[in-house]
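Novice: Quick one, start_20.pdb (PDB, N, CA, C and O atoms):
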```pdb
ATOM      1  N   MET A   1     -13.048  -6.077   3.034
ATOM      2  CA  MET A   1     -12.345  -5.434   1.944
ATOM      3  C   MET A   1     -10.849  -5.673   2.108
ATOM      4  O   MET A   1     -10.260  -5.214   3.088
ATOM      5  N   PRO A   2     -10.213  -6.399   1.193
ATOM      6  CA  PRO A   2      -8.762  -6.580   1.278
ATOM      7  C   PRO A   2      -8.045  -5.248   1.068
ATOM      8  O   PRO A   2      -8.419  -4.472   0.187
ATOM      9  N   MET A   3      -7.033  -5.002   1.892
ATOM     10  CA  MET A   3      -6.293  -3.752   1.737
ATOM     11  C   MET A   3      -4.881  -3.914   2.284
ATOM     12  O   MET A   3      -4.598  -4.843   3.022
ATOM     13  N   ILE A   4      -4.024  -2.995   1.895
ATOM     14  CA  ILE A   4      -2.659  -2.936   2.398
ATOM     15  C   ILE A   4      -2.312  -1.468   2.645
ATOM     16  O   ILE A   4      -2.774  -0.588   1.924
ATOM     17  N   ASP A   5      -1.552  -1.232   3.689
ATOM     18  CA  ASP A   5      -1.084   0.114   4.022
ATOM     19  C   ASP A   5       0.435   0.144   3.919
ATOM     20  O   ASP A   5       1.103  -0.781   4.377
ATOM     21  N   VAL A   6       0.965   1.203   3.333
ATOM     22  CA  VAL A   6       2.402   1.425   3.259
ATOM     23  C   VAL A   6       2.697   2.745   3.955
ATOM     24  O   VAL A   6       2.048   3.757   3.679
ATOM     25  N   TYR A   7       3.644   2.717   4.864
ATOM     26  CA  TYR A   7       4.065   3.923   5.576
ATOM     27  C   TYR A   7       5.476   4.250   5.120
ATOM     28  O   TYR A   7       6.353   3.389   5.161
ATOM     29  N   THR A   8       5.683   5.474   4.697
ATOM     30  CA  THR A   8       6.983   5.862   4.164
ATOM     31  C   THR A   8       7.328   7.289   4.562
ATOM     32  O   THR A   8       6.438   8.092   4.879
ATOM     33  N   ALA A   9       8.607   7.570   4.557
ATOM     34  CA  ALA A   9       9.046   8.936   4.823
ATOM     35  C   ALA A   9       8.603   9.837   3.669
ATOM     36  O   ALA A   9       8.584   9.410   2.507
ATOM     37  N   ARG A  10       8.239  11.037   3.989
ATOM     38  CA  ARG A  10       7.779  12.008   2.993
ATOM     39  C   ARG A  10       8.818  12.165   1.881
ATOM     40  O   ARG A  10      10.005  12.308   2.143
ATOM     41  N   GLY A  11       8.348  12.077   0.623
ATOM     42  CA  GLY A  11       9.212  12.307  -0.520
ATOM     43  C   GLY A  11       9.903  11.065  -1.084
ATOM     44  O   GLY A  11      10.547  11.143  -2.115
ATOM     45  N   VAL A  12       9.781   9.918  -0.416
ATOM     46  CA  VAL A  12      10.443   8.698  -0.901
ATOM     47  C   VAL A  12       9.738   8.152  -2.143
ATOM     48  O   VAL A  12      10.383   7.726  -3.090
ATOM     49  N   ILE A  13       8.433   8.177  -2.149
ATOM     50  CA  ILE A  13       7.640   7.654  -3.269
ATOM     51  C   ILE A  13       7.292   8.805  -4.207
ATOM     52  O   ILE A  13       6.677   9.790  -3.796
ATOM     53  N   LYS A  14       7.673   8.670  -5.457
ATOM     54  CA  LYS A  14       7.425   9.750  -6.426
ATOM     55  C   LYS A  14       5.993   9.739  -6.957
ATOM     56  O   LYS A  14       5.408  10.780  -7.199
ATOM     57  N   ASP A  15       5.413   8.555  -7.170
ATOM     58  CA  ASP A  15       4.058   8.451  -7.726
ATOM     59  C   ASP A  15       3.213   7.574  -6.794
ATOM     60  O   ASP A  15       3.101   6.364  -6.989
ATOM     61  N   ARG A  16       2.650   8.190  -5.769
ATOM     62  CA  ARG A  16       1.886   7.457  -4.763
ATOM     63  C   ARG A  16       0.677   6.757  -5.364
ATOM     64  O   ARG A  16       0.367   5.623  -5.002
ATOM     65  N   LYS A  17      -0.008   7.397  -6.290
ATOM     66  CA  LYS A  17      -1.204   6.812  -6.913
ATOM     67  C   LYS A  17      -0.839   5.524  -7.656
ATOM     68  O   LYS A  17      -1.527   4.507  -7.522
ATOM     69  N   ALA A  18       0.230   5.554  -8.447
ATOM     70  CA  ALA A  18       0.648   4.370  -9.200
ATOM     71  C   ALA A  18       1.049   3.241  -8.249
ATOM     72  O   ALA A  18       0.686   2.079  -8.468
ATOM     73  N   LEU A  19       1.801   3.567  -7.185
ATOM     74  CA  LEU A  19       2.196   2.554  -6.220
ATOM     75  C   LEU A  19       0.969   1.933  -5.563
ATOM     76  O   LEU A  19       0.871   0.707  -5.433
ATOM     77  N   ALA A  20       0.017   2.770  -5.148
ATOM     78  CA  ALA A  20      -1.189   2.271  -4.501
ATOM     79  C   ALA A  20      -1.960   1.328  -5.432
ATOM     80  O   ALA A  20      -2.413   0.261  -5.012
ATOM     81  N   GLN A  21      -2.083   1.691  -6.696
ATOM     82  CA  GLN A  21      -2.799   0.836  -7.644
ATOM     83  C   GLN A  21      -2.053  -0.485  -7.854
ATOM     84  O   GLN A  21      -2.665  -1.553  -7.856
ATOM     85  N   GLU A  22      -0.734  -0.426  -8.008
ATOM     86  CA  GLU A  22       0.054  -1.651  -8.185
ATOM     87  C   GLU A  22      -0.062  -2.566  -6.967
ATOM     88  O   GLU A  22      -0.180  -3.783  -7.107
ATOM     89  N   LEU A  23      -0.040  -1.986  -5.780
ATOM     90  CA  LEU A  23      -0.167  -2.789  -4.563
ATOM     91  C   LEU A  23      -1.556  -3.403  -4.443
ATOM     92  O   LEU A  23      -1.694  -4.567  -4.049
ATOM     93  N   ALA A  24      -2.591  -2.649  -4.776
ATOM     94  CA  ALA A  24      -3.951  -3.182  -4.723
ATOM     95  C   ALA A  24      -4.101  -4.345  -5.707
ATOM     96  O   ALA A  24      -4.717  -5.374  -5.389
ATOM     97  N   GLN A  25      -3.519  -4.203  -6.882
ATOM     98  CA  GLN A  25      -3.561  -5.287  -7.858
ATOM     99  C   GLN A  25      -2.786  -6.503  -7.362
ATOM    100  O   GLN A  25      -3.204  -7.647  -7.573
ATOM    101  N   ALA A  26      -1.667  -6.276  -6.676
ATOM    102  CA  ALA A  26      -0.890  -7.375  -6.108
ATOM    103  C   ALA A  26      -1.694  -8.112  -5.037
ATOM    104  O   ALA A  26      -1.635  -9.342  -4.945
ATOM    105  N   VAL A  27      -2.448  -7.369  -4.236
ATOM    106  CA  VAL A  27      -3.304  -7.991  -3.219
ATOM    107  C   VAL A  27      -4.328  -8.892  -3.903
ATOM    108  O   VAL A  27      -4.575 -10.020  -3.457
ATOM    109  N   MET A  28      -4.910  -8.429  -4.994
ATOM    110  CA  MET A  28      -5.882  -9.255  -5.718
ATOM    111  C   MET A  28      -5.232 -10.539  -6.236
ATOM    112  O   MET A  28      -5.833 -11.620  -6.143
ATOM    113  N   ARG A  29      -4.015 -10.424  -6.762
ATOM    114  CA  ARG A  29      -3.311 -11.624  -7.241
ATOM    115  C   ARG A  29      -3.037 -12.573  -6.079
ATOM    116  O   ARG A  29      -3.216 -13.786  -6.188
ATOM    117  N   TRP A  30      -2.607 -12.027  -4.965
ATOM    118  CA  TRP A  30      -2.307 -12.833  -3.784
ATOM    119  C   TRP A  30      -3.558 -13.556  -3.286
ATOM    120  O   TRP A  30      -3.510 -14.721  -2.914
ATOM    121  N   GLU A  31      -4.671 -12.855  -3.292
ATOM    122  CA  GLU A  31      -5.936 -13.432  -2.834
ATOM    123  C   GLU A  31      -6.552 -14.372  -3.872
ATOM    124  O   GLU A  31      -7.524 -15.066  -3.578
ATOM    125  N   LYS A  32      -6.000 -14.334  -5.095
ATOM    126  CA  LYS A  32      -6.481 -15.175  -6.194
ATOM    127  C   LYS A  32      -7.969 -14.944  -6.503
ATOM    128  O   LYS A  32      -8.739 -15.878  -6.692
ATOM    129  N   VAL A  33      -8.339 -13.670  -6.549
ATOM    130  CA  VAL A  33      -9.716 -13.330  -6.901
ATOM    131  C   VAL A  33      -9.776 -12.950  -8.375
ATOM    132  O   VAL A  33      -8.780 -12.490  -8.943
ATOM    133  N   PRO A  34     -10.915 -13.139  -9.015
ATOM    134  CA  PRO A  34     -11.022 -12.752 -10.422
ATOM    135  C   PRO A  34     -11.000 -11.233 -10.578
ATOM    136  O   PRO A  34     -11.402 -10.496  -9.675
ATOM    137  N   VAL A  35     -10.511 -10.785 -11.722
ATOM    138  CA  VAL A  35     -10.468  -9.347 -12.003
ATOM    139  C   VAL A  35     -11.833  -8.937 -12.546
ATOM    140  O   VAL A  35     -12.082  -8.918 -13.756
ATOM    141  N   ILE A  36     -12.716  -8.638 -11.616
ATOM    142  CA  ILE A  36     -14.062  -8.164 -11.935
ATOM    143  C   ILE A  36     -14.327  -6.948 -11.052
ATOM    144  O   ILE A  36     -13.672  -6.779 -10.015
ATOM    145  N   PRO A  37     -15.262  -6.084 -11.451
ATOM    146  CA  PRO A  37     -15.502  -4.861 -10.675
ATOM    147  C   PRO A  37     -15.776  -5.097  -9.191
ATOM    148  O   PRO A  37     -15.358  -4.288  -8.352
ATOM    149  N   PHE A  38     -16.449  -6.177  -8.843
ATOM    150  CA  PHE A  38     -16.740  -6.427  -7.426
ATOM    151  C   PHE A  38     -15.458  -6.408  -6.598
ATOM    152  O   PHE A  38     -15.420  -5.852  -5.501
ATOM    153  N   PHE A  39     -14.386  -7.029  -7.107
ATOM    154  CA  PHE A  39     -13.120  -7.073  -6.372
ATOM    155  C   PHE A  39     -12.243  -5.854  -6.655
ATOM    156  O   PHE A  39     -11.648  -5.297  -5.737
ATOM    157  N   SER A  40     -12.152  -5.427  -7.917
ATOM    158  CA  SER A  40     -11.267  -4.301  -8.227
ATOM    159  C   SER A  40     -11.777  -2.987  -7.628
ATOM    160  O   SER A  40     -10.989  -2.095  -7.341
ATOM    161  N   ASP A  41     -13.073  -2.882  -7.395
ATOM    162  CA  ASP A  41     -13.625  -1.675  -6.774
ATOM    163  C   ASP A  41     -13.573  -1.723  -5.243
ATOM    164  O   ASP A  41     -13.858  -0.726  -4.588
ATOM    165  N   ASN A  42     -13.248  -2.891  -4.691
ATOM    166  CA  ASN A  42     -13.278  -3.047  -3.238
ATOM    167  C   ASN A  42     -11.958  -3.533  -2.643
ATOM    168  O   ASN A  42     -11.923  -3.913  -1.475
ATOM    169  N   THR A  43     -10.899  -3.534  -3.419
ATOM    170  CA  THR A  43      -9.568  -3.873  -2.930
ATOM    171  C   THR A  43      -8.757  -2.587  -2.964
ATOM    172  O   THR A  43      -8.758  -1.891  -3.972
ATOM    173  N   ALA A  44      -8.084  -2.270  -1.861
ATOM    174  CA  ALA A  44      -7.448  -0.954  -1.775
ATOM    175  C   ALA A  44      -6.033  -1.016  -1.225
ATOM    176  O   ALA A  44      -5.649  -1.961  -0.541
ATOM    177  N   ALA A  45      -5.279   0.015  -1.534
ATOM    178  CA  ALA A  45      -3.955   0.230  -0.960
ATOM    179  C   ALA A  45      -3.861   1.697  -0.566
ATOM    180  O   ALA A  45      -4.412   2.562  -1.252
ATOM    181  N   PHE A  46      -3.188   1.951   0.525
ATOM    182  CA  PHE A  46      -3.047   3.305   1.034
ATOM    183  C   PHE A  46      -1.566   3.599   1.255
ATOM    184  O   PHE A  46      -0.864   2.800   1.863
ATOM    185  N   VAL A  47      -1.110   4.730   0.766
ATOM    186  CA  VAL A  47       0.273   5.161   0.966
ATOM    187  C   VAL A  47       0.243   6.342   1.935
ATOM    188  O   VAL A  47      -0.357   7.372   1.648
ATOM    189  N   HIS A  48       0.857   6.157   3.085
ATOM    190  CA  HIS A  48       0.880   7.185   4.127
ATOM    191  C   HIS A  48       2.283   7.783   4.184
ATOM    192  O   HIS A  48       3.256   7.062   4.391
ATOM    193  N   GLU A  49       2.390   9.077   4.025
ATOM    194  CA  GLU A  49       3.679   9.755   4.134
ATOM    195  C   GLU A  49       3.781  10.432   5.499
ATOM    196  O   GLU A  49       2.871  11.137   5.920
ATOM    197  N   LEU A  50       4.891  10.191   6.158
ATOM    198  CA  LEU A  50       5.143  10.762   7.473
ATOM    199  C   LEU A  50       6.496  11.460   7.472
ATOM    200  O   LEU A  50       7.330  11.223   6.590
ATOM    201  N   ASP A  51       6.729  12.288   8.454
ATOM    202  CA  ASP A  51       8.042  12.920   8.588
ATOM    203  C   ASP A  51       9.111  11.845   8.769
ATOM    204  O   ASP A  51       8.866  10.801   9.387
ATOM    205  N   ALA A  52      10.287  12.079   8.234
ATOM    206  CA  ALA A  52      11.367  11.090   8.269
ATOM    207  C   ALA A  52      11.714  10.643   9.686
ATOM    208  O   ALA A  52      12.093   9.496   9.913
ATOM    209  N   ASP A  53      11.568  11.529  10.666
ATOM    210  CA  ASP A  53      11.901  11.154  12.046
ATOM    211  C   ASP A  53      10.776  10.384  12.743
ATOM    212  O   ASP A  53      10.825  10.126  13.929
ATOM    213  N   SER A  54       9.755   9.976  11.982
ATOM    214  CA  SER A  54       8.647   9.191  12.525
ATOM    215  C   SER A  54       8.920   7.692  12.469
ATOM    216  O   SER A  54       8.082   6.903  12.889
ATOM    217  N   PHE A  55      10.058   7.286  11.922
ATOM    218  CA  PHE A  55      10.377   5.877  11.727
ATOM    219  C   PHE A  55      11.590   5.479  12.539
ATOM    220  O   PHE A  55      12.536   6.238  12.663
ATOM    221  N   SER A  56      11.564   4.264  13.059
ATOM    222  CA  SER A  56      12.731   3.721  13.750
ATOM    223  C   SER A  56      12.601   2.208  13.828
ATOM    224  O   SER A  56      11.502   1.674  13.953
ATOM    225  N   THR A  57      13.727   1.536  13.772
ATOM    226  CA  THR A  57      13.745   0.111  14.073
ATOM    227  C   THR A  57      13.836  -0.044  15.584
ATOM    228  O   THR A  57      14.072   0.937  16.315
ATOM    229  N   ALA A  58      13.679  -1.263  16.064
ATOM    230  CA  ALA A  58      13.777  -1.500  17.515
ATOM    231  C   ALA A  58      15.158  -1.155  18.029
ATOM    232  O   ALA A  58      15.320  -0.761  19.180
ATOM    233  N   GLY A  59      16.171  -1.263  17.146
ATOM    234  CA  GLY A  59      17.535  -0.937  17.562
ATOM    235  C   GLY A  59      17.875   0.534  17.452
ATOM    236  O   GLY A  59      18.973   0.950  17.797
ATOM    237  N   GLY A  60      16.941   1.348  16.957
ATOM    238  CA  GLY A  60      17.160   2.783  16.884
ATOM    239  C   GLY A  60      17.593   3.301  15.512
ATOM    240  O   GLY A  60      17.733   4.493  15.333
ATOM    241  N   ALA A  61      17.813   2.401  14.561
ATOM    242  CA  ALA A  61      18.212   2.845  13.227
ATOM    243  C   ALA A  61      17.014   3.480  12.505
ATOM    244  O   ALA A  61      15.859   3.109  12.744
ATOM    245  N   ALA A  62      17.307   4.410  11.643
ATOM    246  CA  ALA A  62      16.248   5.056  10.854
ATOM    247  C   ALA A  62      15.704   4.053   9.841
ATOM    248  O   ALA A  62      16.449   3.293   9.236
ATOM    249  N   ALA A  63      14.426   4.048   9.663
ATOM    250  CA  ALA A  63      13.776   3.230   8.632
ATOM    251  C   ALA A  63      13.064   4.170   7.703
ATOM    252  O   ALA A  63      12.659   5.266   8.089
ATOM    253  N   THR A  64      12.915   3.797   6.438
ATOM    254  CA  THR A  64      12.255   4.703   5.495
ATOM    255  C   THR A  64      10.910   4.194   5.013
ATOM    256  O   THR A  64      10.143   4.944   4.470
ATOM    257  N   MET A  65      10.624   2.894   5.176
ATOM    258  CA  MET A  65       9.360   2.375   4.676
ATOM    259  C   MET A  65       8.993   1.088   5.388
ATOM    260  O   MET A  65       9.843   0.303   5.771
ATOM    261  N   CYS A  66       7.692   0.866   5.575
ATOM    262  CA  CYS A  66       7.201  -0.411   6.069
ATOM    263  C   CYS A  66       5.802  -0.626   5.501
ATOM    264  O   CYS A  66       5.129   0.317   5.126
ATOM    265  N   ALA A  67       5.401  -1.874   5.415
ATOM    266  CA  ALA A  67       4.082  -2.208   4.884
ATOM    267  C   ALA A  67       3.323  -3.005   5.924
ATOM    268  O   ALA A  67       3.903  -3.757   6.695
ATOM    269  N   SER A  68       2.024  -2.824   5.940
ATOM    270  CA  SER A  68       1.171  -3.524   6.879
ATOM    271  C   SER A  68      -0.023  -4.102   6.128
ATOM    272  O   SER A  68      -0.760  -3.352   5.494
ATOM    273  N   PRO A  69      -0.194  -5.427   6.197
ATOM    274  CA  PRO A  69      -1.347  -6.014   5.491
ATOM    275  C   PRO A  69      -2.630  -5.778   6.241
ATOM    276  O   PRO A  69      -2.659  -5.538   7.398
TER     277      PRO A  69
END
```
Can I see the file as structure tokens?
Specialist:
Amino acid sequence: MPMIDVYTARGVIKDRKALAQELAQAVMRWEKVPVIPFFSDNTAAFVHELDADSFSTAGGAAATMCASP
């Protein structure tokens, strides 16, 4: 099942459902699969909200979002 995960600080994304659907559709375009129920029902995106202090770059700067395929 193709999927993508997005990790973001709580409150950054206003419409998590819309973002998840747009990302899942982008994954389908990237994979070049036809838009049929077999793929649209089995391609997913997940938006994970965490406390703002849960993010950091290797240099110690605060980060607000990252994506993982």
Novice: Name the residues in contact with Arg16 in chain A at a cut-off of 7 Å, using only N, CA, C and O atoms, excluding same-chain residues fewer than 4 positions from it; report them as a count of residues only.
Specialist: 6
Novice: Provide the CA of Ser56 in chain A to atom O of Ile4 in chain A distance in Å, to one decimal place.
Specialist: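 Result for CA of Ser56 in chain A versus atom O of Ile4 in chain A: 20.0 Å, one decimal.
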Novice: Written as a ChimeraX atom specification, what is the full residue list that the PyMOL selection byres ((chain A and resi 49) around 7) yields on the file shown?
Specialist: /A:6-11,47-48,50-51
Novice: Atom C of Ala26 in chain A to atom O of Ala44 in chain A: how many Å, to one decimal?
Specialist: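 Atom-to-atom, atom C of Ala26 in chain A and atom O of Ala44 in chain A are spaced 8.6 Å apart.
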Novice: In Å, how far is it from atom C of Val27 in chain A to atom N of Val12 in chain A?
Specialist: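 We find that atom C of Val27 in chain A and atom N of Val12 in chain A lie 23.8 Å from each other.
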Novice: For the PyMOL selection byres (((chain A and resi 42 and name CA) around 10) and name CA), applied here, can you spell out every residue it catches as a PyMOL selection string?
Specialist: chain A and resi 1-3+24+28+37-41+43-44
Novice: Based on DSSP run over this structure's backbone, return all residues of range 2-62 of chain A in alpha helix (DSSP H), as a list in words.
Specialist: Arg16, Lys17, Ala18, Leu19, Ala20, Gln21, Glu22, Leu23, Ala24, Gln25, Ala26, Val27, Met28, Arg29, Trp30, Glu31, Pro37, Phe38, Phe39 and Ser40 of chain A
Novice: DSSP on the backbone, strand (DSSP E or B) only: what residues of chain A does that give? Format it as a ChimeraX atom specification.
Specialist: /A:3-9,44-50,65-68
Novice: Keeping just N, CA, C and O atoms, export range 12-29 of chain A of this structure as a PDB file, in the first residue's frame.
Specialist:
```pdb
ATOM      1  N   VAL A  12      -0.245  23.575  13.228  1.00  0.00           N
ATOM      2  CA  VAL A  12       0.310  24.149  11.993  1.00  0.00           C
ATOM      3  C   VAL A  12      -0.630  23.909  10.810  1.00  0.00           C
ATOM      4  O   VAL A  12      -0.836  24.791   9.989  1.00  0.00           O
ATOM      5  N   ILE A  13      -1.205  22.740  10.731  1.00  0.00           N
ATOM      6  CA  ILE A  13      -2.103  22.378   9.627  1.00  0.00           C
ATOM      7  C   ILE A  13      -3.543  22.638  10.057  1.00  0.00           C
ATOM      8  O   ILE A  13      -4.011  22.094  11.059  1.00  0.00           O
ATOM      9  N   LYS A  14      -4.237  23.453   9.295  1.00  0.00           N
ATOM     10  CA  LYS A  14      -5.620  23.803   9.657  1.00  0.00           C
ATOM     11  C   LYS A  14      -6.620  22.721   9.253  1.00  0.00           C
ATOM     12  O   LYS A  14      -7.588  22.474   9.950  1.00  0.00           O
ATOM     13  N   ASP A  15      -6.413  22.075   8.103  1.00  0.00           N
ATOM     14  CA  ASP A  15      -7.350  21.056   7.613  1.00  0.00           C
ATOM     15  C   ASP A  15      -6.566  19.771   7.321  1.00  0.00           C
ATOM     16  O   ASP A  15      -6.132  19.534   6.194  1.00  0.00           O
ATOM     17  N   ARG A  16      -6.365  18.966   8.350  1.00  0.00           N
ATOM     18  CA  ARG A  16      -5.567  17.750   8.224  1.00  0.00           C
ATOM     19  C   ARG A  16      -6.166  16.776   7.222  1.00  0.00           C
ATOM     20  O   ARG A  16      -5.443  16.153   6.445  1.00  0.00           O
ATOM     21  N   LYS A  17      -7.477  16.638   7.206  1.00  0.00           N
ATOM     22  CA  LYS A  17      -8.147  15.704   6.289  1.00  0.00           C
ATOM     23  C   LYS A  17      -7.875  16.100   4.836  1.00  0.00           C
ATOM     24  O   LYS A  17      -7.543  15.249   4.005  1.00  0.00           O
ATOM     25  N   ALA A  18      -8.020  17.382   4.512  1.00  0.00           N
ATOM     26  CA  ALA A  18      -7.787  17.849   3.144  1.00  0.00           C
ATOM     27  C   ALA A  18      -6.326  17.635   2.744  1.00  0.00           C
ATOM     28  O   ALA A  18      -6.043  17.190   1.625  1.00  0.00           O
ATOM     29  N   LEU A  19      -5.385  17.949   3.648  1.00  0.00           N
ATOM     30  CA  LEU A  19      -3.976  17.744   3.352  1.00  0.00           C
ATOM     31  C   LEU A  19      -3.692  16.268   3.097  1.00  0.00           C
ATOM     32  O   LEU A  19      -3.003  15.912   2.133  1.00  0.00           O
ATOM     33  N   ALA A  20      -4.225  15.393   3.951  1.00  0.00           N
ATOM     34  CA  ALA A  20      -4.001  13.962   3.793  1.00  0.00           C
ATOM     35  C   ALA A  20      -4.533  13.471   2.443  1.00  0.00           C
ATOM     36  O   ALA A  20      -3.863  12.708   1.743  1.00  0.00           O
ATOM     37  N   GLN A  21      -5.711  13.924   2.052  1.00  0.00           N
ATOM     38  CA  GLN A  21      -6.277  13.504   0.770  1.00  0.00           C
ATOM     39  C   GLN A  21      -5.430  14.027  -0.394  1.00  0.00           C
ATOM     40  O   GLN A  21      -5.140  13.289  -1.335  1.00  0.00           O
ATOM     41  N   GLU A  22      -5.012  15.287  -0.330  1.00  0.00           N
ATOM     42  CA  GLU A  22      -4.172  15.852  -1.393  1.00  0.00           C
ATOM     43  C   GLU A  22      -2.845  15.104  -1.508  1.00  0.00           C
ATOM     44  O   GLU A  22      -2.369  14.839  -2.612  1.00  0.00           O
ATOM     45  N   LEU A  23      -2.256  14.755  -0.378  1.00  0.00           N
ATOM     46  CA  LEU A  23      -0.992  14.017  -0.400  1.00  0.00           C
ATOM     47  C   LEU A  23      -1.178  12.611  -0.953  1.00  0.00           C
ATOM     48  O   LEU A  23      -0.343  12.125  -1.725  1.00  0.00           O
ATOM     49  N   ALA A  24      -2.258  11.942  -0.580  1.00  0.00           N
ATOM     50  CA  ALA A  24      -2.523  10.601  -1.099  1.00  0.00           C
ATOM     51  C   ALA A  24      -2.715  10.652  -2.616  1.00  0.00           C
ATOM     52  O   ALA A  24      -2.210   9.790  -3.351  1.00  0.00           O
ATOM     53  N   GLN A  25      -3.411  11.667  -3.090  1.00  0.00           N
ATOM     54  CA  GLN A  25      -3.593  11.825  -4.530  1.00  0.00           C
ATOM     55  C   GLN A  25      -2.264  12.113  -5.222  1.00  0.00           C
ATOM     56  O   GLN A  25      -2.006  11.619  -6.325  1.00  0.00           O
ATOM     57  N   ALA A  26      -1.394  12.889  -4.577  1.00  0.00           N
ATOM     58  CA  ALA A  26      -0.073  13.171  -5.132  1.00  0.00           C
ATOM     59  C   ALA A  26       0.759  11.892  -5.228  1.00  0.00           C
ATOM     60  O   ALA A  26       1.489  11.692  -6.204  1.00  0.00           O
ATOM     61  N   VAL A  27       0.647  11.026  -4.229  1.00  0.00           N
ATOM     62  CA  VAL A  27       1.357   9.743  -4.262  1.00  0.00           C
ATOM     63  C   VAL A  27       0.879   8.932  -5.464  1.00  0.00           C
ATOM     64  O   VAL A  27       1.688   8.335  -6.185  1.00  0.00           O
ATOM     65  N   MET A  28      -0.418   8.921  -5.710  1.00  0.00           N
ATOM     66  CA  MET A  28      -0.943   8.187  -6.867  1.00  0.00           C
ATOM     67  C   MET A  28      -0.385   8.752  -8.174  1.00  0.00           C
ATOM     68  O   MET A  28      -0.013   7.983  -9.074  1.00  0.00           O
ATOM     69  N   ARG A  29      -0.315  10.078  -8.271  1.00  0.00           N
ATOM     70  CA  ARG A  29       0.253  10.690  -9.483  1.00  0.00           C
ATOM     71  C   ARG A  29       1.722  10.310  -9.628  1.00  0.00           C
ATOM     72  O   ARG A  29       2.193   9.979 -10.716  1.00  0.00           O
TER      73      ARG A  29
END
```
